[in-house]
>>> print(open('target_35.tsv').read())   # TSV, C-alpha atoms and all ligand atoms
chain	number	residue	atom	x	y	z
A	1	MET	CA	-78.27	-6.11	-1.74
A	2	ARG	CA	-75.34	-8.48	-1.27
A	3	LEU	CA	-71.80	-7.93	-2.57
A	4	GLU	CA	-69.05	-10.56	-2.43
A	5	TYR	CA	-65.31	-10.46	-2.99
A	6	ASP	CA	-62.38	-12.83	-2.58
A	7	VAL	CA	-59.20	-11.48	-1.02
A	8	THR	CA	-55.84	-13.07	-1.86
A	9	ALA	CA	-53.17	-13.23	0.84
A	10	GLY	CA	-50.01	-11.28	0.11
A	11	ASP	CA	-51.37	-9.57	-3.02
A	12	PHE	CA	-50.89	-5.91	-2.11
A	13	THR	CA	-51.42	-4.80	-5.72
A	14	ARG	CA	-55.11	-5.63	-5.34
A	15	ALA	CA	-55.52	-4.55	-1.72
A	16	GLY	CA	-58.37	-2.08	-1.53
A	17	ASN	CA	-60.26	-3.33	-4.60
A	18	ALA	CA	-63.17	-4.67	-2.57
A	19	SER	CA	-63.34	-1.46	-0.49
A	20	SER	CA	-63.34	0.55	-3.69
A	21	ALA	CA	-66.19	-1.50	-5.19
A	22	ILE	CA	-68.25	-1.16	-2.01
A	23	LYS	CA	-67.62	2.58	-1.99
A	24	LYS	CA	-68.85	2.91	-5.59
A	25	THR	CA	-72.02	0.97	-4.83
A	26	LEU	CA	-72.82	3.08	-1.76
A	27	LYS	CA	-72.28	6.26	-3.79
A	28	GLN	CA	-74.69	5.02	-6.46
A	29	LEU	CA	-77.23	4.24	-3.75
A	30	GLY	CA	-76.96	7.84	-2.55
A	31	VAL	CA	-75.62	7.04	0.93
A	32	SER	CA	-74.33	10.19	2.65
A	33	PRO	CA	-70.64	11.02	2.04
A	34	ALA	CA	-69.93	11.16	5.78
A	35	VAL	CA	-71.12	7.58	6.22
A	36	ILE	CA	-69.31	6.37	3.10
A	37	LYS	CA	-66.05	7.80	4.48
A	38	ARG	CA	-66.39	5.71	7.64
A	39	VAL	CA	-67.26	2.56	5.70
A	40	VAL	CA	-64.22	3.07	3.46
A	41	VAL	CA	-61.79	3.39	6.38
A	42	ALA	CA	-63.16	0.40	8.27
A	43	VAL	CA	-63.49	-1.96	5.31
A	44	TYR	CA	-60.13	-0.99	3.79
A	45	GLU	CA	-58.27	-1.70	7.02
A	46	ALA	CA	-59.98	-5.05	7.44
A	47	GLU	CA	-59.34	-5.94	3.79
A	48	VAL	CA	-55.63	-5.09	4.10
A	49	ASN	CA	-55.39	-7.15	7.29
A	50	ILE	CA	-56.57	-10.19	5.33
A	51	VAL	CA	-53.87	-9.49	2.70
A	52	ALA	CA	-51.14	-8.84	5.29
A	53	HIS	CA	-51.90	-11.29	8.08
A	54	SER	CA	-53.99	-14.22	6.78
A	55	TYR	CA	-53.85	-16.99	4.19
A	56	GLY	CA	-56.77	-15.50	2.27
A	57	GLY	CA	-60.38	-14.64	2.85
A	58	HIS	CA	-63.78	-13.56	1.68
A	59	ILE	CA	-65.78	-10.37	2.09
A	60	THR	CA	-69.56	-10.28	2.15
A	61	ALA	CA	-71.28	-6.91	2.34
A	62	GLU	CA	-75.00	-6.79	3.03
A	63	VAL	CA	-76.57	-3.42	2.22
A	64	ALA	CA	-79.95	-2.71	3.79
A	65	PRO	CA	-81.98	0.52	3.86
A	66	GLU	CA	-80.83	1.26	7.42
A	67	GLY	CA	-77.16	0.33	7.21
A	68	ILE	CA	-74.36	-1.86	5.91
A	69	SER	CA	-73.00	-5.01	7.48
A	70	VAL	CA	-69.65	-6.30	6.21
A	71	VAL	CA	-68.33	-9.73	7.16
A	72	LEU	CA	-64.62	-10.30	6.48
A	73	ALA	CA	-63.72	-13.95	7.06
A	74	ASP	CA	-60.25	-15.39	6.61
A	75	THR	CA	-58.38	-18.60	7.18
A	76	GLY	CA	-55.09	-17.89	8.88
A	77	PRO	CA	-53.18	-17.78	12.13
A	78	GLY	CA	-55.96	-16.05	14.07
A	79	ILE	CA	-55.31	-13.43	16.76
A	80	PRO	CA	-54.01	-14.87	20.07
A	81	ASP	CA	-54.77	-11.76	22.14
A	82	VAL	CA	-57.48	-9.56	20.65
A	83	GLN	CA	-57.24	-6.91	23.37
A	84	LYS	CA	-53.55	-6.47	22.66
A	85	ALA	CA	-54.13	-6.43	18.89
A	86	MET	CA	-56.68	-3.64	19.34
A	87	GLN	CA	-54.10	-1.39	21.00
A	88	LYS	CA	-52.68	1.44	18.90
A	89	GLY	CA	-49.17	0.55	17.79
A	90	PHE	CA	-49.37	-3.22	18.25
A	91	SER	CA	-48.30	-5.02	15.09
A	92	THR	CA	-46.77	-8.32	14.05
A	93	ALA	CA	-46.33	-7.18	10.43
A	94	SER	CA	-43.24	-8.44	8.64
A	95	LYS	CA	-40.31	-6.22	7.74
A	96	GLU	CA	-41.34	-6.17	4.06
A	97	VAL	CA	-44.88	-5.11	4.94
A	98	ARG	CA	-43.57	-2.38	7.26
A	99	GLU	CA	-41.29	-1.01	4.58
A	100	MET	CA	-44.38	-0.36	2.47
A	101	GLY	CA	-45.77	1.77	5.27
A	102	PHE	CA	-48.16	-0.82	6.66
A	103	GLY	CA	-47.70	-2.23	10.15
A	104	ALA	CA	-48.26	0.89	12.23
A	105	GLY	CA	-50.72	-1.01	14.37
A	106	MET	CA	-53.43	1.49	13.54
A	107	GLY	CA	-55.76	-0.61	11.39
A	108	LEU	CA	-57.90	-2.24	14.07
A	109	PRO	CA	-58.14	1.03	16.07
A	110	ASN	CA	-59.26	2.76	12.85
A	111	ILE	CA	-61.97	0.15	12.37
A	112	GLN	CA	-63.12	0.52	15.97
A	113	GLU	CA	-63.21	4.30	15.57
A	114	ASN	CA	-65.34	4.25	12.42
A	115	ALA	CA	-67.71	1.33	12.97
A	116	ASP	CA	-70.97	1.60	14.89
A	117	ASP	CA	-70.43	-2.01	15.84
A	118	LEU	CA	-67.41	-4.31	15.51
A	119	LYS	CA	-67.32	-8.00	16.34
A	120	ILE	CA	-64.09	-10.01	16.17
A	121	GLU	CA	-64.29	-13.79	16.22
A	122	THR	CA	-60.95	-15.52	16.01
A	123	GLU	CA	-59.44	-18.92	16.62
A	124	VAL	CA	-55.69	-19.43	16.76
A	125	GLY	CA	-54.55	-21.66	13.92
A	126	ARG	CA	-57.86	-21.38	12.08
A	127	GLY	CA	-58.71	-17.79	11.19
A	128	THR	CA	-60.49	-14.57	11.95
A	129	THR	CA	-63.90	-13.12	11.14
A	130	LEU	CA	-64.67	-9.44	11.54
A	131	THR	CA	-68.24	-8.17	11.38
A	132	ILE	CA	-68.49	-4.44	10.86
A	133	TYR	CA	-71.81	-2.63	11.06
A	134	ILE	CA	-72.35	0.99	10.09
A	135	LYS	CA	-75.74	2.76	10.23
A	136	PHE	CA	-76.83	5.02	7.37
B	137	MET	CA	-55.57	26.93	-4.46
B	138	THR	CA	-55.36	24.21	-7.11
B	139	VAL	CA	-52.87	21.38	-7.46
B	140	ARG	CA	-51.58	23.11	-10.60
B	141	GLU	CA	-50.81	26.35	-8.74
B	142	ILE	CA	-48.90	24.49	-6.05
B	143	ALA	CA	-46.98	22.49	-8.67
B	144	GLU	CA	-46.08	25.66	-10.59
B	145	LYS	CA	-45.19	27.82	-7.60
B	146	LEU	CA	-42.99	25.15	-6.02
B	147	ASN	CA	-41.60	23.89	-9.30
B	148	LEU	CA	-42.77	20.32	-8.70
B	149	ARG	CA	-42.43	17.59	-11.25
B	150	VAL	CA	-45.75	16.17	-12.51
B	151	PHE	CA	-45.34	12.40	-12.89
B	152	SER	CA	-48.94	11.52	-13.78
B	153	GLY	CA	-52.61	12.38	-13.42
B	154	GLU	CA	-52.49	15.72	-15.23
B	155	ALA	CA	-56.25	15.58	-15.70
B	156	GLY	CA	-56.52	16.28	-11.96
B	157	LEU	CA	-54.34	19.39	-11.84
B	158	ASP	CA	-57.34	21.67	-11.37
B	159	ARG	CA	-58.44	19.86	-8.23
B	160	GLU	CA	-58.90	22.23	-5.31
B	161	VAL	CA	-56.50	21.71	-2.39
B	162	THR	CA	-58.10	22.28	1.00
B	163	GLY	CA	-55.31	21.04	3.25
B	164	GLY	CA	-52.39	18.70	3.62
B	165	TYR	CA	-51.29	15.57	5.42
B	166	VAL	CA	-47.78	14.25	5.99
B	167	SER	CA	-47.15	10.61	6.84
B	168	ASP	CA	-45.42	7.50	5.55
B	169	LEU	CA	-47.70	5.21	7.55
B	170	LEU	CA	-50.61	4.15	5.39
B	171	SER	CA	-53.08	3.46	8.19
B	172	ASP	CA	-52.34	6.88	9.64
B	173	VAL	CA	-53.34	8.50	6.36
B	174	MET	CA	-56.33	6.19	6.01
B	175	GLY	CA	-57.58	7.12	9.46
B	176	PHE	CA	-56.84	10.82	9.59
B	177	ALA	CA	-56.25	12.54	6.21
B	178	LYS	CA	-59.12	14.77	5.03
B	179	ASP	CA	-60.48	14.73	1.49
B	180	GLY	CA	-59.05	17.46	-0.71
B	181	SER	CA	-55.64	17.22	0.97
B	182	VAL	CA	-52.23	16.93	-0.63
B	183	TRP	CA	-50.39	13.97	0.83
B	184	VAL	CA	-46.63	14.37	1.26
B	185	THR	CA	-44.82	11.03	1.51
B	186	LEU	CA	-41.76	9.05	0.53
B	187	GLN	CA	-43.81	5.96	-0.33
B	188	THR	CA	-43.93	5.27	-4.07
B	189	HIS	CA	-46.06	2.15	-4.56
B	190	LYS	CA	-49.57	1.49	-5.83
B	191	ASN	CA	-51.21	1.28	-2.39
B	192	VAL	CA	-50.54	4.99	-1.97
B	193	MET	CA	-52.84	5.63	-4.90
B	194	ALA	CA	-55.44	3.17	-3.62
B	195	ILE	CA	-55.57	5.23	-0.43
B	196	ALA	CA	-55.50	8.57	-2.27
B	197	THR	CA	-58.48	7.38	-4.32
B	198	LEU	CA	-60.47	5.98	-1.41
B	199	LYS	CA	-59.86	9.14	0.65
B	200	GLU	CA	-60.47	11.48	-2.32
B	201	LEU	CA	-57.19	13.31	-1.82
B	202	ALA	CA	-56.27	16.13	-4.21
B	203	ALA	CA	-52.73	14.94	-5.00
B	204	VAL	CA	-49.75	12.96	-3.76
B	205	VAL	CA	-46.33	14.62	-3.47
B	206	ILE	CA	-43.33	12.30	-3.35
B	207	VAL	CA	-40.27	13.77	-1.66
B	208	LYS	CA	-36.48	13.32	-1.78
B	209	GLY	CA	-36.38	12.68	-5.52
B	210	PHE	CA	-38.07	9.28	-5.30
B	211	GLU	CA	-40.19	8.28	-8.28
B	212	PRO	CA	-43.56	6.54	-8.32
B	213	GLU	CA	-43.81	2.94	-9.49
B	214	GLU	CA	-45.45	2.29	-12.88
B	215	ASP	CA	-48.66	0.80	-11.46
B	216	ALA	CA	-49.01	3.75	-9.09
B	217	LYS	CA	-48.86	6.11	-12.08
B	218	GLU	CA	-51.50	4.01	-13.85
B	219	VAL	CA	-53.96	4.45	-10.98
B	220	SER	CA	-53.10	8.15	-10.86
B	221	GLU	CA	-54.01	8.48	-14.56
B	222	GLU	CA	-57.22	6.46	-14.22
B	223	GLU	CA	-58.41	8.42	-11.21
B	224	GLY	CA	-57.10	11.83	-12.24
B	225	ILE	CA	-55.24	12.26	-8.96
B	226	PRO	CA	-51.85	13.80	-9.76
B	227	ILE	CA	-48.58	12.42	-8.45
B	228	LEU	CA	-46.09	15.25	-8.04
B	229	GLY	CA	-42.45	15.05	-7.08
B	230	SER	CA	-39.79	17.12	-5.38
B	231	THR	CA	-36.12	16.62	-4.68
B	232	GLU	CA	-36.53	18.40	-1.34
B	233	GLN	CA	-36.82	16.79	2.06
B	234	THR	CA	-40.22	16.44	3.72
B	235	PHE	CA	-39.64	19.22	6.23
B	236	GLU	CA	-38.73	21.93	3.72
B	237	LEU	CA	-41.30	20.94	1.13
B	238	THR	CA	-44.11	20.69	3.66
B	239	GLY	CA	-43.21	24.12	5.02
B	240	ARG	CA	-43.47	25.60	1.57
B	241	ILE	CA	-46.81	23.98	0.83
B	242	TYR	CA	-48.09	25.12	4.22
B	243	ASN	CA	-47.08	28.71	3.52
B	244	LEU	CA	-48.81	28.67	0.15
B	245	LEU	CA	-52.01	27.25	1.58
B	246	SER	CA	-52.15	29.55	4.58
B	247	ARG	CA	-51.67	32.61	2.38
B	248	GLY	CA	-54.64	31.30	0.34
C	301	LIG	N1	-57.01	-11.03	9.95
C	301	LIG	C1	-56.00	-11.16	10.81
C	301	LIG	N2	-55.41	-12.37	10.99
C	301	LIG	C2	-54.38	-12.52	11.88
C	301	LIG	N3	-53.89	-11.52	12.63
C	301	LIG	C3	-54.45	-10.29	12.49
C	301	LIG	C4	-55.51	-10.05	11.58
C	301	LIG	N4	-55.86	-8.75	11.68
C	301	LIG	C5	-55.04	-8.22	12.60
C	301	LIG	N5	-54.19	-9.14	13.09
C	301	LIG	C6	-53.17	-8.94	14.14
C	301	LIG	O1	-53.44	-7.74	14.85
C	301	LIG	C7	-52.33	-6.83	14.72
C	301	LIG	C8	-52.84	-5.40	14.69
C	301	LIG	O2	-53.62	-5.16	13.51
C	301	LIG	P1	-53.75	-3.68	12.96
C	301	LIG	O3	-54.54	-3.70	11.71
C	301	LIG	O4	-54.23	-2.80	14.04
C	301	LIG	O5	-52.24	-3.28	12.66
C	301	LIG	P2	-51.29	-3.77	11.47
C	301	LIG	O6	-52.08	-4.44	10.42
C	301	LIG	O7	-50.19	-4.56	12.07
C	301	LIG	O8	-50.71	-2.39	10.94
C	301	LIG	P3	-51.54	-1.25	10.12
C	301	LIG	O9	-52.96	-1.69	10.07
C	301	LIG	O10	-51.34	0.01	10.88
C	301	LIG	O11	-50.91	-1.21	8.77
C	301	LIG	C9	-51.61	-7.29	13.46
C	301	LIG	O12	-50.27	-6.87	13.41
C	301	LIG	C10	-51.77	-8.80	13.57
C	301	LIG	O13	-50.87	-9.32	14.52
C	302	MG	MG	-53.79	-3.52	9.65
>>> encode(input="target_35.tsv", output="structure tokens")
Amino acid sequence: MRLEYDVTAGDFTRAGNASSAIKKTLKQLGVSPAVIKRVVVAVYEAEVNIVAHSYGGHITAEVAPEGISVVLADTGPGIPDVQKAMQKGFSTASKEVREMGFGAGMGLPNIQENADDLKIETEVGRGTTLTIYIKF
Amino acid sequence: MTVREIAEKLNLRVFSGEAGLDREVTGGYVSDLLSDVMGFAKDGSVWVTLQTHKNVMAIATLKELAAVVIVKGFEPEEDAKEVSEEEGIPILGSTEQTFELTGRIYNLLSRG
């Protein structure tokens, strides 16, 4: 099963809608709550990063009997130093975004913590693609 | 202990989501950093925060929290209340500071 969503840059009122839809589908499919919790954390953080840090993107979730693979591709500034970005506390979020309580620099570490596999492909000036895999 | 009991005992204002007042509270989490809550709050918790916007409710829903308690007399934004109603996750409010309010909730929960 394939699920697809567009993510609009800067639109925090809709941030989390794709994660919520994926969560509902996994619940209907009877995936274990413990696994769904991890998918929710990882996909939400990646979805919000598209809203907060990119010019917009697209989410494709592929659900198979043995696990879920979610590809989150955006056009945007890319990440110059992925190792640095992965560190807890590193953030380039704007003042406005921080005032909302985002920008703790915990999103990517949360994804790493909850995914069985995480791949980050990024090109400065072009965009970023995250591929998150979680086994059922 | 239910959300309703906490709201009554601590005299909290109920802004929205009354349908969820009988939710069972199994713990609490205190943070104003959304990714902190996303990563570490447990389902069934009450979340004490000073954030008032809709993303708080998106997180409360995704994490299946029991309720959100807004401190210092702040009030939730309209669209946050809408999500609270839809999902039946109450938004409560207190004029107290985080430290005092959290202490009181903690005492209630640990007495069971
Ligand atoms: N899709 C993206 N495009 C461009 N930069 C990104 C993207 N995702 C992450 N980054 C960069 O990596 C940094 C760290 O991301 P991370 O999600 O860990 O923290 P944050 O988004 O800044 O704050 P938080 O997730 O705690 O709200 C960001 O501040 C940003 O500089
Ligand atoms: Mg982030």
>>> residues_around(input="target_35.tsv", residues="Glu154 (chain B)", least_positions_apart="3", cutoff="7 Å", atoms="only C-alpha atoms", output="list in words")
Leu157, Gly224 and Pro226 of chain B
>>> closest_atom_pairs(input="target_35.tsv", of="chain A", to="chain B", cutoff="6 Å", atoms="all atoms listed in the file", output="JSON lines")
{"residue": "A:Gly101", "atom": "CA", "partner": "B:Leu169", "partner_atom": "CA", "distance": 4.6}
{"residue": "A:Phe102", "atom": "CA", "partner": "B:Leu170", "partner_atom": "CA", "distance": 5.7}
{"residue": "A:Met106", "atom": "CA", "partner": "B:Ser171", "partner_atom": "CA", "distance": 5.7}
{"residue": "A:Gly107", "atom": "CA", "partner": "B:Ser171", "partner_atom": "CA", "distance": 5.8}
{"residue": "A:Asn110", "atom": "CA", "partner": "B:Gly175", "partner_atom": "CA", "distance": 5.8}
>>> closest_residue(input="target_35.tsv", among="A:Ser91, A:Thr13, A:Thr122, A:Thr75", to="ligand LIG 301 (chain C)", atoms="only C-alpha atoms and all ligand atoms")
A:Ser91
>>> axis_aligned_box(input="target_35.tsv", around="ligand LIG 301 (chain C)", padding_each_side="4 Å", output="JSON")
{"center_x": -53.6, "center_y": -6.3, "center_z": 11.8, "size_x": 14.8, "size_y": 20.5, "size_z": 14.1}
>>> residues_around(input="target_35.tsv", residues="Tyr5 (chain A)", least_positions_apart="5", cutoff="10 Å", atoms="only C-alpha atoms", output="number ranges by chain")
A: 17-19, 21-22, 57-61, 72
>>> residues_near_ligand(input="target_35.tsv", ligand="ligand MG 302 (chain C)", cutoff="12 Å", atoms="only C-alpha atoms and all ligand atoms", output="PyMOL selection string")
(chain A and resi 15+41-54+85-94+97-98+101-112) or (chain B and resi 169-172+174-175)
>>> closest_residue(input="target_35.tsv", among="B:Lys208, B:Val139, B:Ser246, B:Ala177", to="Gly153 (chain B)", atoms="all atoms listed in the file")
B:Val139
>>> residues_around(input="target_35.tsv", residues="Val39 (chain A)", least_positions_apart="6", cutoff="10 Å", atoms="all atoms listed in the file", output="number ranges by chain")
A: 19, 22-23, 26, 33, 68-70, 111, 114-116, 132-135
>>> residues_around(input="target_35.tsv", residues="Leu201 (chain B)", least_positions_apart="3", cutoff="6 Å", atoms="all atoms listed in the file", output="count of residues only")
4
>>> residues_near_point(input="target_35.tsv", point="(-53.5, 12.7, -9.1)", cutoff="7 Å", atoms="all atoms listed in the file", output="list in words")
Ser152, Gly153, Glu154, Gly156, Ala202, Ala203, Val204, Ser220, Glu221, Glu223, Gly224, Ile225, Pro226 and Ile227 of chain B
>>> atom_distance(input="target_35.tsv", atom1="CA of Lys27 (chain A)", atom2="CA of Glu4 (chain A)")
17.2 Å
>>> atom_distance(input="target_35.tsv", atom1="CA of Ala155 (chain B)", atom2="CA of Phe12 (chain A)")
26.0 Å
>>> atom_distance(input="target_35.tsv", atom1="CA of Lys84 (chain A)", atom2="atom C4 of ligand LIG 301 (chain C)")
11.8 Å
>>> residues_around(input="target_35.tsv", residues="Thr129 (chain A)", least_positions_apart="2", cutoff="9 Å", atoms="all atoms listed in the file", output="PyMOL selection string")
chain A and resi 71-75+78+119-122+127+131
>>> closest_residue(input="target_35.tsv", among="B:Ile241, B:Thr185, B:Leu228, B:Val205", to="Met137 (chain B)", atoms="all atoms listed in the file")
B:Ile241
>>> closest_residue(input="target_35.tsv", among="A:Met100, A:Ile79, A:Leu130, A:Val31", to="ligand LIG 301 (chain C)", atoms="all atoms listed in the file")
A:Ile79
>>> closest_residue(input="target_35.tsv", among="A:Asp81, A:Asp6, A:Asp11, A:Asp117", to="ligand LIG 301 (chain C)", atoms="all atoms listed in the file")
A:Asp81
>>> closest_residue(input="target_35.tsv", among="A:Met1, A:Leu118, A:Val82, A:Val40", to="ligand LIG 301 (chain C)", atoms="all atoms listed in the file")
A:Val82
